[in-house]
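Q: Contents are compact mmCIF, C-alpha atoms and all ligand atoms; file name structure12.txt:
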# COMPACT_ATOMS: atom_id res chain seq x y z
CA MET N 9 0.00 0.00 0.00
CA ASN N 10 1.24 3.51 -0.80
CA PHE N 11 0.89 6.64 1.25
CA VAL N 12 1.63 9.94 -0.44
CA VAL N 13 1.86 12.80 2.06
CA LEU N 14 1.43 16.32 0.70
CA THR N 15 2.90 18.71 3.25
CA LEU N 16 4.83 21.94 3.72
CA PHE N 17 7.01 20.14 6.30
CA PRO N 18 8.25 16.89 4.75
CA LEU N 19 11.12 16.69 7.22
CA MET N 20 8.65 15.92 10.01
CA PHE N 21 8.20 12.42 8.54
CA PRO N 22 11.57 10.58 8.34
CA ALA N 23 11.63 9.98 12.12
CA PHE N 24 8.09 8.60 11.97
CA ALA N 25 8.86 6.31 9.03
CA GLY N 26 12.19 5.26 10.52
CA HIS N 27 10.99 3.57 13.71
CA GLY N 28 9.14 0.52 14.96
CA VAL N 29 6.31 -1.21 13.15
CA VAL N 30 6.11 1.43 10.41
CA ARG N 31 9.81 1.16 9.67
CA ARG N 32 9.61 -2.63 9.41
CA ALA N 33 6.58 -2.38 7.12
CA VAL N 34 8.51 0.01 4.85
CA GLU N 35 11.60 -2.22 4.88
CA GLN N 36 9.52 -5.28 3.98
CA GLY N 37 7.93 -3.40 1.09
CA LEU N 38 4.45 -3.72 2.61
CA ILE N 39 3.95 0.03 2.66
CA GLU N 40 5.61 2.95 0.92
CA ILE N 41 5.61 6.48 2.30
CA ASP N 42 6.33 9.23 -0.17
CA CYS N 43 6.48 12.78 1.23
CA VAL N 44 5.99 15.59 -1.26
CA ASN N 45 6.59 19.25 -0.49
CA ILE N 46 3.62 21.35 -1.60
CA ARG N 47 6.04 24.26 -1.99
CA ASP N 48 7.69 22.43 -4.90
CA PHE N 49 4.52 23.21 -6.87
CA ALA N 50 4.43 26.92 -5.95
CA GLU N 51 5.41 29.57 -8.47
CA GLY N 52 7.14 32.94 -8.42
CA LYS N 53 10.36 34.08 -6.83
CA HIS N 54 9.13 33.47 -3.29
CA LEU N 55 7.27 30.18 -3.84
CA ILE N 56 4.33 31.47 -1.83
CA THR N 57 1.85 28.81 -0.68
CA ASP N 58 -0.61 30.87 1.42
CA ASP N 59 -2.72 33.98 1.08
CA ARG N 60 -5.18 36.11 3.06
CA PRO N 61 -8.79 34.91 3.28
CA TYR N 62 -11.40 36.66 1.14
CA GLY N 63 -13.82 38.51 3.38
CA GLY N 64 -11.13 39.23 5.97
CA GLY N 65 -10.38 37.52 9.23
CA ASN N 66 -7.42 36.04 11.01
CA GLY N 67 -4.87 33.67 9.60
CA MET N 68 -3.91 32.58 6.13
CA VAL N 69 -5.32 30.02 3.70
CA LEU N 70 -3.38 27.50 1.61
CA LYS N 71 -3.47 28.77 -1.98
CA PRO N 72 -5.36 26.51 -4.37
CA GLU N 73 -2.87 26.42 -7.27
CA PRO N 74 0.13 24.63 -5.68
CA LEU N 75 -2.14 22.24 -3.80
CA ALA N 76 -4.13 21.35 -6.94
CA LYS N 77 -0.89 20.69 -8.81
CA ALA N 78 0.51 18.56 -5.99
CA ILE N 79 -2.68 16.46 -5.77
CA ARG N 80 -2.89 16.01 -9.55
CA ALA N 81 0.78 15.00 -9.73
CA ALA N 82 0.17 12.37 -7.02
CA LYS N 83 -2.89 11.07 -8.87
CA GLU N 84 -0.96 10.84 -12.10
CA VAL N 85 1.54 8.49 -10.45
CA HIS N 86 -1.19 6.68 -8.48
CA PRO N 87 -4.43 6.82 -10.49
CA LYS N 88 -6.23 4.56 -8.00
CA SER N 89 -5.87 6.74 -4.96
CA ARG N 90 -8.14 8.02 -2.21
CA VAL N 91 -7.40 11.67 -1.38
CA VAL N 92 -7.85 12.45 2.31
CA PHE N 93 -7.57 15.93 3.78
CA LEU N 94 -6.63 16.07 7.47
CA GLY N 95 -8.57 18.82 9.18
CA PRO N 96 -10.60 19.47 12.33
CA ARG N 97 -13.87 19.74 10.37
CA GLY N 98 -13.58 16.19 9.08
CA ARG N 99 -15.34 13.00 10.17
CA LEU N 100 -13.80 11.61 13.31
CA PHE N 101 -11.12 9.02 12.56
CA ASP N 102 -11.69 5.62 14.17
CA GLN N 103 -10.78 1.96 13.73
CA HIS N 104 -13.49 1.48 11.08
CA THR N 105 -12.09 4.36 9.02
CA ALA N 106 -8.61 2.88 9.40
CA ALA N 107 -9.86 -0.49 8.11
CA ARG N 108 -11.66 1.14 5.20
CA LEU N 109 -8.58 3.17 4.19
CA ALA N 110 -6.42 0.03 4.45
CA GLY N 111 -8.41 -1.34 1.51
CA ASN N 112 -7.00 1.30 -0.87
CA GLU N 113 -4.01 0.85 -3.13
CA THR N 114 -2.89 4.44 -2.42
CA VAL N 115 -3.97 7.02 0.12
CA VAL N 116 -2.93 10.61 -0.52
CA LEU N 117 -2.83 12.51 2.77
CA VAL N 118 -3.17 16.27 2.37
CA CYS N 119 -1.84 18.17 5.38
CA GLY N 120 -3.26 21.63 5.90
CA ARG N 121 -1.49 24.49 7.65
CA TYR N 122 -2.66 27.96 8.54
CA GLU N 123 -6.47 28.32 8.68
CA GLY N 124 -7.11 25.58 6.13
CA ILE N 125 -7.32 25.03 2.40
CA ASP N 126 -9.30 26.86 -0.27
CA GLU N 127 -12.79 25.31 -0.28
CA ARG N 128 -12.69 24.82 -4.06
CA ILE N 129 -9.91 22.26 -3.59
CA ALA N 130 -11.94 20.51 -0.90
CA ALA N 131 -14.93 20.42 -3.24
CA THR N 132 -13.17 19.06 -6.31
CA LEU N 133 -9.98 17.20 -5.45
CA ILE N 134 -10.54 15.82 -1.94
CA ASP N 135 -12.46 12.57 -1.46
CA GLU N 136 -12.95 12.90 2.28
CA GLU N 137 -11.92 15.05 5.24
CA VAL N 138 -10.75 13.31 8.40
CA SER N 139 -10.22 14.71 11.89
CA ILE N 140 -8.29 12.82 14.57
CA GLY N 141 -10.11 14.49 17.45
CA ASP N 142 -11.95 17.50 18.77
CA TYR N 143 -8.98 19.79 19.10
CA ILE N 144 -7.05 22.08 16.78
CA LEU N 145 -3.56 21.13 15.66
CA SER N 146 -1.20 23.58 13.99
CA GLY N 147 -1.24 21.41 10.92
CA GLY N 148 -2.35 18.06 9.56
CA GLU N 149 1.09 16.41 9.82
CA PRO N 150 0.64 14.75 13.25
CA ALA N 151 -2.81 13.60 12.10
CA ALA N 152 -1.32 12.09 8.91
CA MET N 153 1.10 10.12 11.07
CA VAL N 154 -1.74 8.89 13.27
CA VAL N 155 -3.71 7.75 10.22
CA MET N 156 -0.71 6.04 8.59
CA ASP N 157 0.21 4.23 11.80
CA ALA N 158 -3.32 2.94 12.42
CA VAL N 159 -3.82 1.92 8.77
CA ALA N 160 -0.40 0.27 8.36
CA ARG N 161 -1.05 -2.02 11.33
CA LEU N 162 -4.07 -3.46 9.51
CA ILE N 163 -2.17 -4.43 6.37
CA PRO N 164 -1.59 -8.19 6.27
CA GLY N 165 1.96 -9.07 7.28
CA VAL N 166 2.74 -5.76 9.00
CA LEU N 167 2.23 -7.12 12.50
CA GLY N 168 4.30 -10.25 13.10
CA ASN N 169 1.39 -12.06 14.69
CA GLU N 170 -1.60 -11.86 12.31
CA ASN N 171 -3.91 -12.00 15.30
CA SER N 172 -2.56 -9.10 17.26
CA ALA N 173 -4.49 -6.37 15.40
CA GLY N 174 -7.73 -8.27 16.00
CA GLN N 175 -7.16 -8.58 19.73
CA GLU N 176 -6.63 -4.90 20.31
CA SER N 177 -8.97 -2.29 21.69
CA PHE N 178 -11.88 -1.05 19.53
CA THR N 179 -12.14 -3.92 17.05
CA ASP N 180 -14.80 -5.35 19.35
CA GLN N 181 -16.02 -2.05 20.83
CA LEU N 182 -14.19 -2.91 24.03
CA LEU N 183 -11.00 -1.40 25.41
CA GLU N 184 -8.16 -3.81 25.94
CA HIS N 185 -7.67 -5.57 29.26
CA SER N 186 -4.75 -4.59 31.52
CA HIS N 187 -1.33 -6.13 30.95
CA PHE N 188 1.39 -7.21 33.39
CA THR N 189 4.92 -8.49 32.93
CA ARG N 190 7.77 -9.51 35.23
CA PRO N 191 8.58 -8.97 38.06
CA PRO N 192 5.60 -10.56 39.88
CA VAL N 193 5.85 -7.92 42.62
CA PHE N 194 6.70 -4.31 41.72
CA GLU N 195 7.03 -1.75 44.51
CA GLY N 196 4.71 -3.85 46.66
CA GLN N 197 2.05 -4.31 43.95
CA GLU N 198 1.35 -7.91 42.96
CA VAL N 199 0.31 -9.26 39.59
CA PRO N 200 -3.27 -10.69 39.83
CA GLU N 201 -2.89 -14.32 40.91
CA ILE N 202 -5.10 -15.73 38.13
CA LEU N 203 -2.64 -14.49 35.49
CA LEU N 204 0.09 -16.64 37.07
CA SER N 205 -2.16 -19.70 37.39
CA GLY N 206 -1.83 -21.09 33.86
CA ASP N 207 -5.62 -21.69 33.84
CA HIS N 208 -6.50 -20.24 30.44
CA ALA N 209 -10.27 -20.32 30.87
CA LYS N 210 -9.95 -18.34 34.11
CA ILE N 211 -7.43 -15.97 32.52
CA ASP N 212 -9.83 -15.29 29.60
CA GLN N 213 -12.62 -14.60 32.08
CA TRP N 214 -10.40 -12.22 34.06
CA ARG N 215 -9.45 -10.41 30.84
CA THR N 216 -13.08 -10.05 29.78
CA ARG N 217 -13.89 -8.53 33.18
CA ALA N 218 -10.92 -6.15 32.95
CA SER N 219 -11.95 -5.07 29.42
CA LEU N 220 -15.55 -4.45 30.48
CA LEU N 221 -14.48 -2.54 33.58
CA TYR N 222 -12.11 -0.26 31.65
CA THR N 223 -14.69 0.38 28.95
CA LEU N 224 -17.43 1.10 31.47
CA ALA N 225 -15.18 3.51 33.39
CA ASN N 226 -13.50 5.33 30.51
CA ARG N 227 -15.63 4.88 27.37
CA PRO N 228 -19.20 3.88 28.26
CA ASP N 229 -20.27 5.25 24.85
CA LEU N 230 -18.59 2.23 23.21
CA LEU N 231 -21.02 -0.10 24.97
CA GLU N 232 -24.19 1.64 23.84
CA ASN N 233 -24.94 -0.34 20.65
CA ARG N 234 -22.84 -3.38 21.38
CA GLU N 235 -24.07 -6.95 21.36
CA PHE N 236 -22.86 -8.66 24.52
CA SER N 237 -21.91 -12.30 24.86
CA LYS N 238 -23.60 -14.48 27.47
CA ASP N 239 -20.49 -14.32 29.70
CA GLU N 240 -20.36 -10.54 29.43
CA ILE N 241 -24.03 -10.23 30.36
CA THR N 242 -23.42 -12.45 33.41
CA ILE N 243 -20.54 -10.21 34.52
CA LEU N 244 -22.45 -6.96 33.92
CA SER N 245 -25.57 -8.27 35.71
CA LYS N 246 -23.49 -9.24 38.74
CA TRP N 247 -21.94 -5.77 38.84
CA GLY N 248 -25.39 -4.25 38.40
CA ARG N 249 -26.64 -6.12 41.47
CA GLN N 250 -23.54 -5.13 43.46
CA ILE N 251 -23.93 -1.46 42.52
CA ALA N 252 -27.65 -1.57 43.38
CA ASP N 253 -26.70 -2.99 46.79
CA ILE N 254 -24.20 -0.19 47.37
CA ILE N 255 -26.79 2.44 46.44
CA ARG N 256 -29.37 0.82 48.72
CA THR N 257 -26.89 0.84 51.63
CA GLN N 258 -26.15 4.49 50.87
CA GLY N 259 -29.88 5.12 51.10
CA LEU N 260 -29.90 3.71 54.65
CA HIS N 261 -26.60 5.09 55.92
CA GLY N 262 -25.59 7.81 53.45
CA PRO N 263 -25.25 11.56 53.99
CA ASP N 264 -29.01 12.18 53.54
CA ALA N 265 -30.11 9.38 55.85
CA LEU N 266 -30.74 11.68 58.81
CA SER N 267 -32.20 14.61 56.88
CA GLY N 268 -35.69 13.07 56.91
CA ASP N 269 -36.51 14.21 53.38
CA ARG N 270 -36.88 10.83 51.75
N1 LIG B 301 -5.51 19.71 11.53
C1 LIG B 301 -5.75 20.55 12.54
N2 LIG B 301 -6.47 19.99 13.50
C2 LIG B 301 -6.70 18.71 13.10
C3 LIG B 301 -7.39 17.61 13.65
N3 LIG B 301 -8.01 17.69 14.83
N4 LIG B 301 -7.42 16.46 12.97
C4 LIG B 301 -6.83 16.38 11.76
N5 LIG B 301 -6.15 17.38 11.19
C5 LIG B 301 -6.09 18.54 11.84
Can you give me the file's structure in the form of structure tokens?
A:
Amino acid sequence: MNFVVLTLFPLMFPAFAGHGVVRRAVEQGLIEIDCVNIRDFAEGKHLITDDRPYGGGNGMVLKPEPLAKAIRAAKEVHPKSRVVFLGPRGRLFDQHTAARLAGNETVVLVCGRYEGIDERIAATLIDEEVSIGDYILSGGEPAAMVVMDAVARLIPGVLGNENSAGQESFTDQLLEHSHFTRPPVFEGQEVPEILLSGDHAKIDQWRTRASLLYTLANRPDLLENREFSKDEITILSKWGRQIADIIRTQGLHGPDALSGDR
């Protein structure tokens, strides 16, 4: 799979492409990352790439001409490409989007700077706009790295163990269970005994509970439309009863118990 990154800061990428899983994927020829400087397509003595917004206002806008040329040049080399603009107004990037993008032969990642790009480019040459979260970055480059990392992991052969992508958080709308490694006691904290027991059925059960607990505490939204397994329902029902008990006890002994207004 090919990634073509259109950016004003191509030197931000060699460190990203030169480490870890992404580096191995590049070395094995499973992915290719080609960084193109948008400024190479600018004209005039000063190779200007931005201009003031029509109608006034703060900040600058990426000029349409160099960006259009850069996108068209990428499409000429890679006719079957999906052009993605990284920007805060885009659809929120998630594991499903990563999987969908992994199905493309080439993804062209357009990194904005300044206030954004000229809307006429967005309307004609961009296939989709993607945001990596509800915050404003100074440019799309960190977002492009996030997208490439998440997509590369899903390409067959990139992860040594073909299963490991499937077992991670989000593929099943559950966060991953906690992990422990040696030593068995660290600064007085012990590894849960079940994980040392070698009883794989019990270990799986423990991991399911840990996943559910983390998801419930940190990302309850992930559970909203999820289909639960029988085991998961048993665990959640037990917790439900325990929480109901705690609330009932609070009702009898809690801070309002003596106020008489119940
Ligand atoms: N560029 C600026 N902010 C961004 C965001 N949240 N996601 C993707 N690209 C961006």
Q: What is the atom CA of Lys83 of chain N to atom CA of Gly124 of chain N distance in Å?
A: 21.3 Å
Q: For ligand LIG 301 (chain B), list the contacting residues at 10 Å or closer, counting all atoms listed in the file, as a VMD selection string.
A: chain N and resid 93 to 101 118 to 124 137 to 152 154 to 155
Q: N:Ile241, N:Ala23, N:Ile41, N:Leu182: which is nearest Phe11 of chain N, counting only C-alpha atoms?
A: N:Ile41
Q: Calculated over all atoms listed in the file, which of the candidates N:Ile129, N:Cys43, N:Val159, N:Leu183 has the smallest distance to Ala107 of chain N?
A: N:Val159
Q: Give the answer as one residue: which of N:Asp102, N:Asp207, N:Asp239, N:Glu201 has the shortest atom-to-atom distance to Gln181 of chain N, using only C-alpha atoms?
A: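 Among the listed residues, N:Asp102 lies closest to Gln181 of chain N.
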Q: Using only C-alpha atoms, which residue out of N:Pro192, N:Pro74, N:Pro228, N:Pro164 lies closest to Leu55 of chain N?
A: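 Nearest candidate to Leu55 of chain N out of N:Pro192, N:Pro74, N:Pro228, N:Pro164: N:Pro74.
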Q: I'd like to know which of N:Ala25, N:Ala106, N:Val115, N:Leu75 is closest to Ser89 of chain N, using only C-alpha atoms.
A: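 Going through N:Ala25, N:Ala106, N:Val115, N:Leu75 one by one, the smallest distance to Ser89 of chain N is for N:Val115.
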Q: Can you tell me, as AutoDock Vina command-line options, the centre and edge lengths (Å, one decimal) of the axis-aligned box enclosing all of segment 261-265 of chain N's listed atoms after padding each side by 3 Å?
A:
--center_x -27.7 --center_y 8.6 --center_z 54.7 --size_x 10.9 --size_y 13.1 --size_z 8.5
Q: Measure the distance from atom CA of His27 of chain N to atom CA of Val44 of chain N in Å and round it to one decimal.
A: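 Value for the atom CA of His27 of chain N-atom CA of Val44 of chain N distance: 19.8 Å.
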Q: Measuring atom to atom with all atoms listed in the file, identify which of N:Lys88, N:Arg108, N:Arg256, N:Glu127 is nearest to Tyr62 of chain N.
A: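 Among N:Lys88, N:Arg108, N:Arg256, N:Glu127, it is N:Glu127 that comes nearest to Tyr62 of chain N.
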Q: Expressed in Å to a single decimal, how great is the separation between atom CA of Leu224 of chain N and atom CA of His187 of chain N?
A: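 Computing the Euclidean distance for atom CA of Leu224 of chain N and atom CA of His187 of chain N yields 17.7 Å.
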Q: Could you check which residues have any atom within 12 Å of (-10.5, -10.0, 31.3), counting all atoms listed in the file with coordinates taken straight from the file, and then list them as a ChimeraX atom specification?
A: /N:182-187,200,202-203,208-223,239-240,243
Q: Which neighbours of Leu16 of chain N fall inside 7 Å, counting all atoms listed in the file, when residues of the same chain fewer than 4 positions from it are skipped, and could you give them as a compact mmCIF listing (two decimals) with C-alpha atoms, in the coordinates of the input?
A:
# COMPACT_ATOMS: atom_id res chain seq x y z
CA ASN N 45 6.59 19.25 -0.49
CA ILE N 46 3.62 21.35 -1.60
CA ARG N 47 6.04 24.26 -1.99
